[in-house]
>>> print(open('work_37.cif').read())   # mmCIF, C-alpha atoms
data_target
#
loop_
_atom_site.label_atom_id
_atom_site.label_comp_id
_atom_site.auth_asym_id
_atom_site.auth_seq_id
_atom_site.Cartn_x
_atom_site.Cartn_y
_atom_site.Cartn_z
CA MET P 25 244.37 78.34 70.82
CA ASN P 26 244.38 81.85 69.38
CA PRO P 27 244.42 85.04 71.54
CA MET P 28 240.65 85.58 71.25
CA GLN P 29 239.94 82.01 72.33
CA LYS P 30 242.25 82.43 75.32
CA LYS P 31 240.55 85.67 76.30
CA ASN P 32 237.08 84.15 75.98
CA LEU P 33 238.16 81.19 78.09
CA GLU P 34 239.40 83.49 80.84
CA VAL P 35 236.22 85.58 80.67
CA ARG P 36 234.15 82.41 81.00
CA ARG P 37 236.21 81.23 84.00
CA THR P 38 235.75 84.56 85.75
CA TYR P 39 232.02 84.57 85.00
CA ASN P 40 231.61 81.00 86.25
CA GLU P 41 233.47 81.83 89.46
CA HIS P 42 231.32 84.89 90.17
CA LEU P 43 228.11 83.02 89.40
CA GLY P 44 229.18 79.93 91.33
CA LYS P 45 230.15 81.84 94.45
CA SER P 46 226.86 83.76 94.35
CA VAL P 47 224.97 80.47 94.29
CA VAL P 48 227.13 79.14 97.14
CA LYS P 49 226.13 82.11 99.31
CA ALA P 50 222.46 81.51 98.53
CA LEU P 51 222.77 77.82 99.37
CA GLU P 52 224.50 78.60 102.68
CA ALA P 53 221.70 81.03 103.56
CA ASN P 54 219.30 78.11 103.10
CA GLY P 55 221.20 75.83 105.49
CA PHE P 56 223.29 73.87 103.00
CA LYS P 57 227.05 73.42 103.46
CA ALA P 58 228.23 74.76 100.13
CA ALA P 59 231.55 75.32 98.37
CA TYR P 60 232.79 76.38 94.95
CA ALA P 61 235.31 74.35 92.91
CA GLY P 62 236.86 76.02 89.89
CA SER P 63 237.66 72.74 88.11
CA HIS P 64 236.62 69.10 88.11
CA GLU P 65 239.97 68.17 89.72
CA GLU P 66 239.23 70.52 92.61
CA ALA P 67 235.69 69.13 92.86
CA VAL P 68 237.01 65.56 93.14
CA LYS P 69 239.36 66.65 95.92
CA LYS P 70 236.52 68.30 97.85
CA VAL P 71 234.33 65.21 97.51
CA LEU P 72 237.07 62.89 98.77
CA GLU P 73 237.60 65.13 101.79
CA LEU P 74 233.95 64.46 102.71
CA VAL P 75 233.98 60.69 102.17
CA PRO P 76 235.73 58.68 104.93
CA GLU P 77 237.97 55.85 103.76
CA GLY P 78 236.25 52.48 103.83
CA SER P 79 232.74 53.93 103.93
CA SER P 80 229.82 52.78 101.81
CA VAL P 81 228.77 55.19 99.05
CA GLY P 82 225.47 55.13 97.19
CA VAL P 83 225.50 56.63 93.70
CA PRO P 84 222.18 56.93 91.83
CA GLY P 85 221.85 57.54 88.10
CA SER P 86 224.30 60.46 87.93
CA SER P 87 226.27 61.21 84.77
CA THR P 88 228.18 63.91 86.64
CA ILE P 89 229.66 61.52 89.20
CA ARG P 90 230.75 59.14 86.46
CA GLU P 91 232.17 61.99 84.38
CA LEU P 92 234.35 63.02 87.32
CA GLY P 93 235.82 59.51 87.60
CA LEU P 94 234.82 59.29 91.24
CA PHE P 95 234.06 55.56 91.11
CA GLU P 96 237.72 54.74 90.63
CA GLU P 97 238.82 57.27 93.24
CA LEU P 98 236.40 55.88 95.83
CA GLN P 99 237.34 52.27 95.19
CA ALA P 100 240.99 53.19 95.64
CA ARG P 101 240.04 54.38 99.14
CA ASP P 102 238.47 50.99 99.96
CA CYS P 103 234.96 52.42 99.71
CA ARG P 104 232.13 50.08 98.81
CA VAL P 105 230.14 51.72 96.00
CA PHE P 106 226.49 50.83 95.40
CA GLU P 107 225.08 51.80 92.02
CA HIS P 108 222.10 50.40 90.13
CA TRP P 109 223.60 51.21 86.72
CA ASP P 110 225.89 48.19 87.06
CA PRO P 111 225.41 46.28 83.75
CA SER P 112 225.92 42.95 85.53
CA LEU P 113 222.93 43.64 87.79
CA ALA P 114 219.80 41.62 86.98
CA PRO P 115 216.59 43.69 86.64
CA GLU P 116 214.97 41.88 89.55
CA ASP P 117 217.93 42.88 91.79
CA ARG P 118 217.65 46.60 91.04
CA PRO P 119 215.11 47.48 93.79
CA ARG P 120 217.43 46.06 96.44
CA ARG P 121 220.31 48.07 94.99
CA TRP P 122 218.22 51.25 95.26
CA GLU P 123 217.73 50.48 98.94
CA GLU P 124 221.46 49.87 99.39
CA GLU P 125 222.24 53.20 97.72
CA ASN P 126 219.84 55.04 100.00
CA ALA P 127 221.15 53.32 103.15
CA SER P 128 224.85 53.95 102.46
CA ASP P 129 227.08 56.02 104.72
CA VAL P 130 227.28 58.66 101.99
CA PHE P 131 224.79 59.40 99.21
CA LEU P 132 226.69 60.97 96.31
CA SER P 133 224.74 62.57 93.50
CA SER P 134 224.36 65.61 91.31
CA SER P 135 221.28 67.79 91.13
CA ASN P 136 219.29 68.38 87.96
CA GLY P 137 219.09 72.05 88.80
CA VAL P 138 220.12 74.71 91.31
CA THR P 139 218.57 78.17 91.53
CA LEU P 140 220.07 81.58 92.13
CA ASP P 141 218.25 81.74 95.46
CA GLY P 142 219.78 78.46 96.64
CA MET P 143 217.22 75.74 95.97
CA LEU P 144 217.85 72.28 94.49
CA VAL P 145 215.44 70.93 91.86
CA ASN P 146 215.27 67.30 90.74
CA ILE P 147 212.94 65.18 88.61
CA ASP P 148 212.88 61.35 88.69
CA GLY P 149 211.17 58.57 86.87
CA THR P 150 211.31 55.90 89.57
CA GLY P 151 211.66 58.22 92.57
CA ASN P 152 214.48 56.37 94.33
CA ARG P 153 216.88 59.29 93.95
CA VAL P 154 214.55 62.06 95.12
CA ALA P 155 213.43 59.85 98.01
CA ALA P 156 217.01 59.64 99.29
CA MET P 157 217.50 63.38 98.78
CA ALA P 158 214.39 64.22 100.78
CA TRP P 159 214.95 61.79 103.65
CA ALA P 160 217.70 59.42 104.68
CA ARG P 161 220.09 59.20 107.62
CA ASN P 162 223.34 59.46 105.67
CA ARG P 163 225.56 62.32 104.59
CA ILE P 164 224.51 63.60 101.19
CA ILE P 165 226.86 65.29 98.72
CA PHE P 166 225.64 67.09 95.60
CA VAL P 167 228.16 67.92 92.86
CA VAL P 168 226.63 70.37 90.41
CA GLY P 169 228.07 71.77 87.17
CA ILE P 170 227.67 75.49 86.46
CA ASN P 171 225.49 74.60 83.45
CA LYS P 172 222.69 73.58 85.84
CA VAL P 173 222.25 77.00 87.42
CA SER P 174 218.87 78.62 86.68
CA ARG P 175 217.19 81.78 87.91
CA ASP P 176 214.31 80.15 89.80
CA VAL P 177 212.42 76.90 90.34
CA HIS P 178 210.27 77.40 87.25
CA SER P 179 213.21 77.96 84.90
CA ALA P 180 215.16 75.11 86.53
CA THR P 181 212.23 72.76 86.00
CA GLN P 182 211.90 73.87 82.39
CA ARG P 183 215.62 73.35 81.75
CA ILE P 184 215.39 69.84 83.18
CA ARG P 185 212.47 68.98 80.90
CA ASP P 186 213.81 70.70 77.77
CA VAL P 187 217.53 69.92 78.08
CA ALA P 188 218.51 67.36 80.70
CA THR P 189 215.75 64.84 80.02
CA PRO P 190 216.21 64.65 76.21
CA LEU P 191 219.99 64.35 76.62
CA ASN P 192 219.58 61.65 79.27
CA ALA P 193 217.19 59.70 77.06
CA ILE P 194 219.51 59.93 74.06
CA SER P 195 222.48 58.78 76.18
CA LYS P 196 220.51 55.71 77.31
CA GLY P 197 219.12 54.99 73.86
CA ILE P 198 215.53 55.30 75.10
CA ASP P 199 212.95 56.44 72.58
CA ILE P 200 210.70 59.04 74.19
CA PRO P 201 209.25 62.08 72.38
CA CYS P 202 211.61 64.73 73.78
CA ALA P 203 214.62 62.72 72.59
CA ASN P 204 213.35 63.27 69.04
CA THR P 205 212.01 66.83 69.29
CA GLY P 206 214.83 68.20 71.46
CA PHE P 207 212.38 69.71 73.96
CA CYS P 208 209.57 68.66 76.30
CA VAL P 209 206.12 67.98 74.83
CA ASN P 210 204.59 66.82 78.14
CA CYS P 211 204.30 63.31 76.74
CA LYS P 212 201.91 60.60 77.95
CA VAL P 213 204.01 57.62 76.86
CA PRO P 214 204.48 54.60 79.18
CA ASN P 215 208.25 55.13 79.50
CA ARG P 216 208.01 58.85 80.29
CA PHE P 217 210.99 59.96 82.43
CA CYS P 218 209.46 62.91 84.31
CA ARG P 219 207.26 61.54 87.11
CA ALA P 220 208.43 62.73 90.54
CA THR P 221 209.62 66.29 91.23
CA LEU P 222 211.45 67.38 94.39
CA VAL P 223 212.38 70.94 95.37
CA LEU P 224 214.70 71.29 98.36
CA GLU P 225 213.98 74.83 99.51
CA ARG P 226 216.18 74.36 102.56
CA ALA P 227 218.53 71.65 103.80
CA PRO P 228 216.28 68.96 105.38
CA PHE P 229 216.24 68.65 109.17
CA GLY P 230 218.81 66.25 110.57
CA ARG P 231 220.82 65.89 107.36
CA ASP P 232 224.49 66.62 106.76
CA VAL P 233 224.02 68.15 103.30
CA HIS P 234 226.91 69.39 101.15
CA VAL P 235 226.68 71.08 97.74
CA ILE P 236 229.74 71.60 95.56
CA ILE P 237 229.22 73.99 92.66
CA VAL P 238 231.76 73.35 89.89
CA GLY P 239 232.83 76.06 87.47
CA GLU P 240 232.63 73.70 84.50
CA GLU P 241 229.85 72.06 82.52
CA LEU P 242 229.15 68.61 83.94
CA GLY P 243 226.40 66.11 83.23
CA TYR P 244 223.11 67.10 81.67
#
>>> encode(input="work_37.cif", output="structure tokens")
Amino acid sequence: MNPMQKKNLEVRRTYNEHLGKSVVKALEANGFKAAYAGSHEEAVKKVLELVPEGSSVGVPGSSTIRELGLFEELQARDCRVFEHWDPSLAPEDRPRRWEEENASDVFLSSSNGVTLDGMLVNIDGTGNRVAAMAWARNRIIFVVGINKVSRDVHSATQRIRDVATPLNAISKGIDIPCANTGFCVNCKVPNRFCRATLVLERAPFGRDVHVIIVGEELGY
């Protein structure tokens, strides 16, 4: 790494920290329990501090959680992990797995977007993930990469449609229009991803909600 690359890396770290901590303050003002992690290693540590050993953990379709290697870490703590992405799971068994995810002691996910004023924005195809985010009786932990920060709900929604959804479709090998154009065209196809949108303006009543903002790019 040459001197300019090192300097740019340090500038980016400082910027991410300032931005991340600003978002944490906004989230706290909205009733979320929020924290900043400067690296993915620190984020993993913070998550494990919030997950009791031996507890059940529901993980929806989150690339971020998989990228962090949390499955292995949780299993090493005797946690039972429920996730419907399991390739050995038969299609007819998936609805029950969604219910098991949502009923777990801890619901561990990322968020498609987070705004500068401390709101969480998510878009689903099936709706199982946003349903658990909106209402369930478990502890919920969001782990969000700095790349998902947007100014407001409108820009967060647009980023999800133009960036996250095409990348997600490409990763799954699913042929929808945005995967080919690289941006949203508000498609009408049968396998359209964007169907249910949830905006958490405040932490829901009765929920133990934690948000960890990570100073690195994670997920889509």
>>> closest_residue(input="work_37.cif", among="P:Ala227, P:Ile147, P:Met28, P:Leu140", to="Arg163 of chain P", atoms="only C-alpha atoms")
P:Ala227
>>> residues_around(input="work_37.cif", residues="Leu74 of chain P", least_positions_apart="3", cutoff="9 Å", atoms="all atoms listed in the file", output="list in words")
Lys69, Lys70, Val71, Val130, Arg163, Ile165 and His234 of chain P
>>> write_last_selection(input="work_37.cif", atoms="C-alpha atoms", output="PDB file, keeping the file's coordinate frame")
ATOM      1  CA  LYS P  69     239.360  66.650  95.920  1.00  0.00           C
ATOM      2  CA  LYS P  70     236.520  68.300  97.850  1.00  0.00           C
ATOM      3  CA  VAL P  71     234.330  65.210  97.510  1.00  0.00           C
ATOM      4  CA  VAL P 130     227.280  58.660 101.990  1.00  0.00           C
ATOM      5  CA  ARG P 163     225.560  62.320 104.590  1.00  0.00           C
ATOM      6  CA  ILE P 165     226.860  65.290  98.720  1.00  0.00           C
ATOM      7  CA  HIS P 234     226.910  69.390 101.150  1.00  0.00           C
TER       8      HIS P 234
END
>>> residues_around(input="work_37.cif", residues="Pro190 of chain P", least_positions_apart="3", cutoff="6 Å", atoms="all atoms listed in the file", output="PyMOL selection string")
chain P and resi 187+193+202-203
>>> residues_around(input="work_37.cif", residues="Pro84 of chain P", least_positions_apart="3", cutoff="9 Å", atoms="only C-alpha atoms", output="ChimeraX atom specification")
/P:106-109,122,125-126,131-134,152-153
>>> closest_residue(input="work_37.cif", among="P:Tyr244, P:Tyr60, P:Phe207, P:Phe229", to="Asn146 of chain P", atoms="only C-alpha atoms")
P:Tyr244
>>> atom_distance(input="work_37.cif", atom1="atom CA of Val105 of chain P", atom2="atom CA of Glu65 of chain P")
20.2 Å
>>> closest_residue(input="work_37.cif", among="P:Ala180, P:Val83, P:Ile200, P:Ile170", to="Ser128 of chain P", atoms="all atoms listed in the file")
P:Val83
>>> closest_residue(input="work_37.cif", among="P:Ala158, P:Ala114, P:Ile89, P:Ile194", to="Ala67 of chain P", atoms="all atoms listed in the file")
P:Ile89
>>> residues_around(input="work_37.cif", residues="Val138 of chain P", least_positions_apart="2", cutoff="10 Å", atoms="only C-alpha atoms", output="number ranges by chain")
P: 47, 51, 135-136, 140-146, 168-177, 179-181, 223-224, 235, 237
>>> atom_distance(input="work_37.cif", atom1="atom CA of Asn26 of chain P", atom2="atom CA of Leu242 of chain P")
24.9 Å
>>> resolve_selection(input="work_37.cif", expression="the PyMOL selection byres ((chain P and resi 62) around 8)", output="PyMOL selection string")
chain P and resi 37+41+60-61+63-64+66-67+238-240
>>> write_last_selection(input="work_37.cif", atoms="C-alpha atoms", output="compact mmCIF listing (two decimals), in the coordinates of the input")
# COMPACT_ATOMS: atom_id res chain seq x y z
CA ARG P 37 236.21 81.23 84.00
CA GLU P 41 233.47 81.83 89.46
CA TYR P 60 232.79 76.38 94.95
CA ALA P 61 235.31 74.35 92.91
CA SER P 63 237.66 72.74 88.11
CA HIS P 64 236.62 69.10 88.11
CA GLU P 66 239.23 70.52 92.61
CA ALA P 67 235.69 69.13 92.86
CA VAL P 238 231.76 73.35 89.89
CA GLY P 239 232.83 76.06 87.47
CA GLU P 240 232.63 73.70 84.50
>>> build_atoms(input="work_37.cif", residues="segment 176-209 of chain P", atoms="N, CA and C atoms", output="compact mmCIF listing (two decimals), in the frame of the given file")
# COMPACT_ATOMS: atom_id res chain seq x y z
N ASP P 176 215.29 80.51 88.77
CA ASP P 176 214.31 80.15 89.80
C ASP P 176 213.83 78.72 89.57
N VAL P 177 212.90 78.27 90.41
CA VAL P 177 212.42 76.90 90.34
C VAL P 177 211.74 76.63 89.00
N HIS P 178 210.97 77.59 88.52
CA HIS P 178 210.27 77.40 87.25
C HIS P 178 211.24 77.20 86.10
N SER P 179 212.25 78.08 86.00
CA SER P 179 213.21 77.96 84.90
C SER P 179 214.09 76.72 85.06
N ALA P 180 214.38 76.33 86.30
CA ALA P 180 215.16 75.11 86.53
C ALA P 180 214.37 73.89 86.06
N THR P 181 213.08 73.87 86.42
CA THR P 181 212.23 72.76 86.00
C THR P 181 212.13 72.69 84.48
N GLN P 182 212.00 73.84 83.85
CA GLN P 182 211.90 73.87 82.39
C GLN P 182 213.19 73.41 81.73
N ARG P 183 214.33 73.80 82.30
CA ARG P 183 215.62 73.35 81.75
C ARG P 183 215.76 71.84 81.87
N ILE P 184 215.32 71.29 83.00
CA ILE P 184 215.39 69.84 83.18
C ILE P 184 214.58 69.13 82.10
N ARG P 185 213.36 69.63 81.87
CA ARG P 185 212.47 68.98 80.90
C ARG P 185 212.94 69.18 79.46
N ASP P 186 213.44 70.38 79.15
CA ASP P 186 213.81 70.70 77.77
C ASP P 186 215.22 70.29 77.38
N VAL P 187 216.12 70.19 78.37
CA VAL P 187 217.53 69.92 78.08
C VAL P 187 218.01 68.61 78.70
N ALA P 188 217.93 68.52 80.01
CA ALA P 188 218.51 67.36 80.70
C ALA P 188 217.81 66.06 80.33
N THR P 189 216.48 66.08 80.30
CA THR P 189 215.75 64.84 80.02
C THR P 189 215.98 64.32 78.60
N PRO P 190 215.89 65.16 77.55
CA PRO P 190 216.21 64.65 76.21
C PRO P 190 217.63 64.10 76.09
N LEU P 191 218.60 64.81 76.68
CA LEU P 191 219.99 64.35 76.62
C LEU P 191 220.15 63.02 77.35
N ASN P 192 219.52 62.89 78.50
CA ASN P 192 219.58 61.65 79.27
C ASN P 192 218.97 60.49 78.49
N ALA P 193 217.84 60.74 77.85
CA ALA P 193 217.19 59.70 77.06
C ALA P 193 218.04 59.27 75.88
N ILE P 194 218.64 60.24 75.20
CA ILE P 194 219.51 59.93 74.06
C ILE P 194 220.71 59.10 74.53
N SER P 195 221.29 59.49 75.68
CA SER P 195 222.48 58.78 76.18
C SER P 195 222.15 57.33 76.51
N LYS P 196 220.92 57.07 76.95
CA LYS P 196 220.51 55.71 77.31
C LYS P 196 219.88 54.96 76.14
N GLY P 197 219.72 55.64 75.01
CA GLY P 197 219.12 54.99 73.86
C GLY P 197 217.64 54.68 74.05
N ILE P 198 216.95 55.51 74.83
CA ILE P 198 215.53 55.30 75.10
C ILE P 198 214.70 56.24 74.25
N ASP P 199 213.75 55.68 73.53
CA ASP P 199 212.95 56.44 72.58
C ASP P 199 211.72 57.03 73.26
N ILE P 200 211.84 58.28 73.69
CA ILE P 200 210.70 59.04 74.19
C ILE P 200 210.60 60.31 73.35
N PRO P 201 209.45 60.96 73.30
CA PRO P 201 209.25 62.08 72.38
C PRO P 201 210.29 63.19 72.45
N CYS P 202 210.68 63.61 73.67
CA CYS P 202 211.61 64.73 73.78
C CYS P 202 212.99 64.41 73.22
N ALA P 203 213.34 63.12 73.16
CA ALA P 203 214.62 62.72 72.59
C ALA P 203 214.63 62.96 71.08
N ASN P 204 213.46 63.04 70.48
CA ASN P 204 213.35 63.27 69.04
C ASN P 204 213.06 64.72 68.69
N THR P 205 212.32 65.42 69.56
CA THR P 205 212.01 66.83 69.29
C THR P 205 213.10 67.77 69.79
N GLY P 206 213.82 67.34 70.85
CA GLY P 206 214.83 68.20 71.46
C GLY P 206 214.26 69.11 72.54
N PHE P 207 213.00 68.93 72.89
CA PHE P 207 212.38 69.71 73.96
C PHE P 207 211.16 68.95 74.47
N CYS P 208 210.68 69.35 75.66
CA CYS P 208 209.57 68.66 76.30
C CYS P 208 208.25 68.91 75.57
N VAL P 209 207.47 67.85 75.41
CA VAL P 209 206.12 67.98 74.83
C VAL P 209 205.07 67.47 75.82
